[in-house]
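Content type mmCIF, C-alpha atoms and all ligand atoms, from the file data_27.cif:
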data_my_file
#
loop_
_atom_site.label_atom_id
_atom_site.label_comp_id
_atom_site.auth_asym_id
_atom_site.auth_seq_id
_atom_site.Cartn_x
_atom_site.Cartn_y
_atom_site.Cartn_z
CA MET A 48 11.17 26.72 -6.19
CA SER A 49 7.63 28.04 -6.45
CA ASP A 50 7.48 28.00 -10.27
CA CYS A 51 8.91 24.48 -10.68
CA LEU A 52 6.45 21.84 -11.89
CA PHE A 53 8.14 19.00 -10.03
CA CYS A 54 8.40 21.02 -6.80
CA LYS A 55 4.64 21.54 -7.15
CA ILE A 56 4.19 17.78 -7.55
CA LEU A 57 6.35 17.25 -4.44
CA ALA A 58 4.20 19.76 -2.55
CA GLY A 59 1.04 17.92 -3.62
CA GLU A 60 -0.20 20.97 -5.54
CA ILE A 61 -0.28 18.99 -8.79
CA PRO A 62 -1.46 15.35 -8.71
CA SER A 63 0.88 12.52 -9.65
CA ALA A 64 0.81 8.73 -9.75
CA LYS A 65 3.28 7.81 -7.03
CA VAL A 66 5.45 4.73 -7.53
CA PHE A 67 7.99 5.12 -4.71
CA GLU A 68 8.99 7.55 -2.00
CA ASN A 69 11.59 7.84 0.74
CA ASP A 70 13.01 10.77 2.68
CA ALA A 71 15.09 12.03 -0.25
CA VAL A 72 13.41 10.68 -3.37
CA TYR A 73 10.00 10.71 -5.06
CA ALA A 74 9.10 8.62 -8.11
CA PHE A 75 5.96 8.87 -10.20
CA ARG A 76 4.62 7.84 -13.60
CA ASP A 77 5.43 10.07 -16.56
CA ILE A 78 2.24 11.68 -17.85
CA ASN A 79 3.31 10.95 -21.45
CA PRO A 80 4.91 7.49 -21.26
CA GLN A 81 7.42 6.50 -23.96
CA ALA A 82 7.32 2.81 -23.03
CA PRO A 83 5.11 0.43 -21.00
CA VAL A 84 7.05 1.51 -17.90
CA HIS A 85 8.09 5.17 -17.72
CA VAL A 86 8.81 6.44 -14.24
CA LEU A 87 10.37 9.77 -13.26
CA VAL A 88 12.71 9.62 -10.26
CA ILE A 89 13.39 13.00 -8.67
CA PRO A 90 15.15 14.34 -5.59
CA LYS A 91 12.98 16.08 -3.02
CA THR A 92 15.35 19.04 -3.04
CA HIS A 93 15.32 21.34 -6.05
CA ILE A 94 18.38 20.94 -8.28
CA PRO A 95 17.98 22.28 -11.85
CA SER A 96 19.77 19.41 -13.61
CA LEU A 97 22.80 17.12 -13.49
CA ASP A 98 24.77 20.13 -14.72
CA ALA A 99 24.18 21.78 -11.33
CA LEU A 100 25.53 18.82 -9.37
CA THR A 101 28.25 19.62 -6.83
CA ALA A 102 30.05 17.85 -4.00
CA GLU A 103 27.61 19.58 -1.64
CA ASN A 104 24.35 18.48 -3.29
CA GLN A 105 25.42 15.17 -4.85
CA GLU A 106 23.64 13.11 -2.20
CA SER A 107 20.25 13.96 -3.67
CA ALA A 108 21.28 12.57 -7.06
CA THR A 109 22.90 9.53 -5.49
CA ALA A 110 19.71 8.87 -3.56
CA CYS A 111 17.75 8.81 -6.84
CA LEU A 112 20.18 6.35 -8.40
CA LEU A 113 20.15 4.13 -5.31
CA ALA A 114 16.34 3.99 -5.48
CA ILE A 115 16.25 2.87 -9.11
CA PRO A 116 17.07 -0.87 -8.77
CA GLY A 117 14.24 -1.38 -6.29
CA ILE A 118 11.77 0.58 -8.39
CA ALA A 119 12.81 -1.38 -11.49
CA LYS A 120 12.29 -4.65 -9.61
CA ALA A 121 8.88 -3.56 -8.35
CA GLU A 122 7.92 -2.60 -11.92
CA GLY A 123 8.94 -6.06 -13.17
CA LEU A 124 11.86 -4.90 -15.30
CA GLU A 125 13.78 -8.14 -14.83
CA THR A 126 15.34 -8.15 -18.30
CA GLY A 127 16.68 -4.61 -18.22
CA TYR A 128 15.77 -0.98 -18.57
CA ARG A 129 17.18 2.41 -19.48
CA VAL A 130 17.91 5.43 -17.29
CA ILE A 131 18.10 8.86 -18.94
CA SER A 132 18.63 12.35 -17.56
CA ASN A 133 18.15 15.11 -20.12
CA VAL A 134 20.23 18.23 -19.51
CA GLY A 135 19.53 21.67 -20.92
CA GLU A 136 18.13 22.75 -24.24
CA ASP A 137 20.17 20.49 -26.52
CA GLY A 138 19.60 17.59 -24.13
CA GLY A 139 15.84 18.02 -24.47
CA GLN A 140 15.20 18.96 -20.85
CA THR A 141 11.77 20.54 -20.46
CA VAL A 142 11.40 20.49 -16.67
CA LYS A 143 14.25 22.22 -14.85
CA HIS A 144 14.27 19.96 -11.80
CA LEU A 145 16.74 17.07 -11.88
CA HIS A 146 15.00 13.86 -12.91
CA PHE A 147 15.90 10.42 -14.11
CA HIS A 148 13.64 8.72 -16.63
CA LEU A 149 13.35 5.00 -15.85
CA ILE A 150 12.12 3.39 -19.04
CA GLY A 151 11.42 -0.24 -19.83
CA GLY A 152 8.87 -2.97 -20.26
CA LYS A 153 9.82 -3.58 -23.89
CA LYS A 154 12.94 -4.13 -25.97
CA LEU A 155 14.21 -0.56 -26.35
CA GLY A 156 15.71 0.83 -29.53
CA GLU A 157 19.48 0.81 -29.99
CA LYS A 158 19.72 4.49 -30.89
CA MET A 159 20.69 6.85 -28.08
CA ALA A 160 20.33 10.05 -30.08
P1 LIG B 201 12.36 16.14 -19.74
O1 LIG B 201 11.85 16.41 -21.12
O2 LIG B 201 13.55 15.25 -19.66
O3 LIG B 201 12.55 17.44 -18.96
O4 LIG B 201 11.23 15.30 -19.01
C1 LIG B 201 10.10 15.89 -18.45
C2 LIG B 201 9.06 14.81 -18.39
O5 LIG B 201 8.05 15.22 -17.52
C3 LIG B 201 8.39 14.50 -19.74
O6 LIG B 201 8.63 13.15 -20.09
C4 LIG B 201 6.91 14.79 -19.47
O7 LIG B 201 6.06 13.86 -20.10
C5 LIG B 201 6.84 14.68 -17.96
N1 LIG B 201 5.77 15.42 -17.34
C6 LIG B 201 5.40 16.71 -17.58
N2 LIG B 201 4.39 17.07 -16.76
C7 LIG B 201 4.12 16.00 -15.98
C8 LIG B 201 3.18 15.73 -14.94
N3 LIG B 201 2.31 16.65 -14.51
N4 LIG B 201 3.16 14.50 -14.38
C9 LIG B 201 4.03 13.55 -14.80
N5 LIG B 201 4.95 13.74 -15.76
C10 LIG B 201 4.99 14.95 -16.35
ZN ZN B 202 11.88 21.87 -8.43
#
Translate this file's structure into structure tokens.
Ligand code: AMP
Ligand code: ZN
Amino acid sequence: MSDCLFCKILAGEIPSAKVFENDAVYAFRDINPQAPVHVLVIPKTHIPSLDALTAENQESATACLLAIPGIAKAEGLETGYRVISNVGEDGGQTVKHLHFHLIGGKKLGEKMA
């Protein structure tokens, strides 16, 4: 997707602070961190959001989730963390490329919404 910010990051057209990469997943630091650790974990294939997940493309989302424990360990999140995927307008999604926020490094608030 040529007009997708995260596809541009994947293509190297926009710089990012890489944290992890494998053949299916790229992870980088959020430019506006909400906690001491705030990493975005994205599939290398363009999927608009979790709402677009199907049996055919689910492997890209699974690959992101499988990468998260190792990233969390490397980031020192031994006492826990939070994973969030915003979906659509009411969900607060601003970038229309599936991503998982990995947030931690402090005791997070109890409120989810
Ligand atoms: P969401 O609001 O769930 O769609 O999350 C999008 C996230 O992307 C926000 O937390 C932004 O701070 C982050 N973001 C936007 N542009 C960049 C960028 N160039 N590099 C890293 N993170 C970004
Ligand atoms: Zn994209």
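Atom pair atom CA of A:Gln140 / atom CA of A:Val88: separated by 14.3 Å.
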Quiz item: At a cut-off of 10 Å from (20.0, 0.3, -25.1) in the coordinates of the file, what residues are picked up using all atoms listed in the file, written as number ranges by chain?
Solution: A: 127-130, 154-159
Exercise. Could you pull out the residues sitting within 8 Å of ligand LIG 201 (chain B), using only C-alpha atoms and all ligand atoms, and write them as a count of residues only?
Key: 29
10 Å from ligand ZN 202 (chain B) is the threshold here; counting only C-alpha atoms and all ligand atoms, which polymer residues fall inside it? Answer as a PDB file with C-alpha atoms, in the frame of the given file.
ATOM      1  CA  MET A  48      11.170  26.720  -6.190  1.00  0.00           C
ATOM      2  CA  SER A  49       7.630  28.040  -6.450  1.00  0.00           C
ATOM      3  CA  ASP A  50       7.480  28.000 -10.270  1.00  0.00           C
ATOM      4  CA  CYS A  51       8.910  24.480 -10.680  1.00  0.00           C
ATOM      5  CA  LEU A  52       6.450  21.840 -11.890  1.00  0.00           C
ATOM      6  CA  PHE A  53       8.140  19.000 -10.030  1.00  0.00           C
ATOM      7  CA  CYS A  54       8.400  21.020  -6.800  1.00  0.00           C
ATOM      8  CA  LYS A  55       4.640  21.540  -7.150  1.00  0.00           C
ATOM      9  CA  ILE A  56       4.190  17.780  -7.550  1.00  0.00           C
ATOM     10  CA  LEU A  57       6.350  17.250  -4.440  1.00  0.00           C
ATOM     11  CA  ALA A  58       4.200  19.760  -2.550  1.00  0.00           C
ATOM     12  CA  ILE A  89      13.390  13.000  -8.670  1.00  0.00           C
ATOM     13  CA  PRO A  90      15.150  14.340  -5.590  1.00  0.00           C
ATOM     14  CA  LYS A  91      12.980  16.080  -3.020  1.00  0.00           C
ATOM     15  CA  THR A  92      15.350  19.040  -3.040  1.00  0.00           C
ATOM     16  CA  HIS A  93      15.320  21.340  -6.050  1.00  0.00           C
ATOM     17  CA  ILE A  94      18.380  20.940  -8.280  1.00  0.00           C
ATOM     18  CA  PRO A  95      17.980  22.280 -11.850  1.00  0.00           C
ATOM     19  CA  SER A  96      19.770  19.410 -13.610  1.00  0.00           C
ATOM     20  CA  VAL A 142      11.400  20.490 -16.670  1.00  0.00           C
ATOM     21  CA  LYS A 143      14.250  22.220 -14.850  1.00  0.00           C
ATOM     22  CA  HIS A 144      14.270  19.960 -11.800  1.00  0.00           C
ATOM     23  CA  LEU A 145      16.740  17.070 -11.880  1.00  0.00           C
ATOM     24  CA  HIS A 146      15.000  13.860 -12.910  1.00  0.00           C
TER      25      HIS A 146
END
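Taking atom CA of A:Glu122 as the reference point, atom CA of A:Asn69 is found at 16.8 Å.
Going from atom CA of A:Ala71 to atom CA of A:Ala110 covers 6.5 Å.
Proximity to A:Gly117 was assessed for A:Leu149, A:Ala82, A:Ala160, A:Ala102 counting all atoms listed in the file; the smallest distance is recorded for A:Leu149.
Closest approach to A:Leu112 among A:Glu60, A:Tyr73, A:Asp98, A:Pro83 is made by A:Tyr73 (distances from all atoms listed in the file).
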Exercise on stretch 131-138 of chain A, axis-aligned box with 5 Å per side, report centre and edge lengths in Å to one decimal, as JSON:
{"center_x": 19.2, "center_y": 15.8, "center_z": -22.0, "size_x": 12.1, "size_y": 23.9, "size_z": 19.0}
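Nearest to A:Thr126 of all the residues A:Leu113, A:Gly152, A:Phe67, A:Asn104 is A:Gly152, based on only C-alpha atoms.
Considering all atoms listed in the file, the residue among A:Cys111, A:Ala99, A:Ile150, A:Leu124 positioned nearest to A:Ala74 is A:Cys111.
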Quiz prompt | Minimum-distance residue to A:Gly135, chosen among A:Leu97, A:Ala114, A:Gln105, A:Ala121 (using all atoms listed in the file) | solution = A:Leu97
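Of the residues listed (A:Asp137, A:Val84, A:Thr101, A:Glu106), A:Val84 shows the shortest atom-to-atom separation from A:Gly123; distances use all atoms listed in the file.
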How about completing stretch 121-132 of chain A with all heavy atoms and giving it to me as a tab-separated table (two decimals), in the frame of the given file?
chain	number	residue	atom	x	y	z
A	121	ALA	N	10.31	-3.65	-8.66
A	121	ALA	CA	8.88	-3.56	-8.35
A	121	ALA	C	8.04	-3.40	-9.63
A	121	ALA	O	6.88	-3.81	-9.67
A	121	ALA	CB	8.62	-2.38	-7.41
A	122	GLU	N	8.63	-2.80	-10.65
A	122	GLU	CA	7.92	-2.60	-11.92
A	122	GLU	C	8.07	-3.80	-12.84
A	122	GLU	O	7.56	-3.79	-13.96
A	122	GLU	CB	8.45	-1.34	-12.62
A	122	GLU	CG	8.12	-0.04	-11.89
A	122	GLU	CD	6.63	0.28	-11.92
A	122	GLU	OE1	6.00	0.07	-12.97
A	122	GLU	OE2	6.09	0.72	-10.89
A	123	GLY	N	8.81	-4.82	-12.39
A	123	GLY	CA	8.94	-6.06	-13.17
A	123	GLY	C	9.94	-5.99	-14.30
A	123	GLY	O	9.85	-6.77	-15.26
A	124	LEU	N	10.90	-5.09	-14.20
A	124	LEU	CA	11.86	-4.90	-15.30
A	124	LEU	C	13.05	-5.86	-15.15
A	124	LEU	O	14.22	-5.43	-15.10
A	124	LEU	CB	12.33	-3.43	-15.34
A	124	LEU	CG	11.21	-2.39	-15.46
A	124	LEU	CD1	11.77	-0.99	-15.47
A	124	LEU	CD2	10.38	-2.65	-16.71
A	125	GLU	N	12.74	-7.14	-15.12
A	125	GLU	CA	13.78	-8.14	-14.83
A	125	GLU	C	14.81	-8.28	-15.94
A	125	GLU	O	15.95	-8.69	-15.70
A	125	GLU	CB	13.13	-9.50	-14.56
A	125	GLU	CG	12.55	-9.64	-13.17
A	125	GLU	CD	11.09	-10.04	-13.19
A	125	GLU	OE1	10.64	-10.56	-14.23
A	125	GLU	OE2	10.40	-9.81	-12.19
A	126	THR	N	14.42	-7.94	-17.18
A	126	THR	CA	15.34	-8.15	-18.30
A	126	THR	C	16.01	-6.86	-18.75
A	126	THR	O	16.60	-6.81	-19.83
A	126	THR	CB	14.61	-8.82	-19.47
A	126	THR	OG1	13.38	-8.12	-19.72
A	126	THR	CG2	14.29	-10.27	-19.15
A	127	GLY	N	15.94	-5.83	-17.93
A	127	GLY	CA	16.68	-4.61	-18.22
A	127	GLY	C	15.81	-3.39	-18.40
A	127	GLY	O	14.57	-3.47	-18.48
A	128	TYR	N	16.46	-2.27	-18.46
A	128	TYR	CA	15.77	-0.98	-18.57
A	128	TYR	C	16.79	0.08	-18.95
A	128	TYR	O	17.98	-0.20	-19.08
A	128	TYR	CB	15.07	-0.63	-17.25
A	128	TYR	CG	15.93	-0.70	-16.01
A	128	TYR	CD1	16.68	0.39	-15.59
A	128	TYR	CD2	15.99	-1.88	-15.25
A	128	TYR	CE1	17.46	0.32	-14.45
A	128	TYR	CE2	16.78	-1.94	-14.11
A	128	TYR	CZ	17.51	-0.84	-13.70
A	128	TYR	OH	18.29	-0.91	-12.58
A	129	ARG	N	16.31	1.29	-19.12
A	129	ARG	CA	17.18	2.41	-19.48
A	129	ARG	C	16.92	3.56	-18.52
A	129	ARG	O	15.77	3.82	-18.14
A	129	ARG	CB	16.92	2.83	-20.93
A	129	ARG	CG	17.86	3.89	-21.47
A	129	ARG	CD	17.70	4.03	-22.98
A	129	ARG	NE	18.20	2.86	-23.69
A	129	ARG	CZ	17.90	2.54	-24.96
A	129	ARG	NH1	17.10	3.31	-25.65
A	129	ARG	NH2	18.40	1.45	-25.51
A	130	VAL	N	18.01	4.25	-18.16
A	130	VAL	CA	17.91	5.43	-17.29
A	130	VAL	C	18.48	6.62	-18.07
A	130	VAL	O	19.60	6.54	-18.57
A	130	VAL	CB	18.68	5.23	-15.97
A	130	VAL	CG1	18.63	6.50	-15.12
A	130	VAL	CG2	18.12	4.04	-15.21
A	131	ILE	N	17.69	7.69	-18.16
A	131	ILE	CA	18.10	8.86	-18.94
A	131	ILE	C	17.88	10.11	-18.09
A	131	ILE	O	16.87	10.24	-17.39
A	131	ILE	CB	17.24	8.97	-20.22
A	131	ILE	CG1	17.48	7.78	-21.14
A	131	ILE	CG2	17.54	10.29	-20.97
A	131	ILE	CD1	16.50	7.69	-22.30
A	132	SER	N	18.84	11.03	-18.15
A	132	SER	CA	18.63	12.35	-17.56
A	132	SER	C	18.97	13.40	-18.62
A	132	SER	O	20.13	13.56	-18.99
A	132	SER	CB	19.49	12.52	-16.31
A	132	SER	OG	19.11	13.69	-15.62
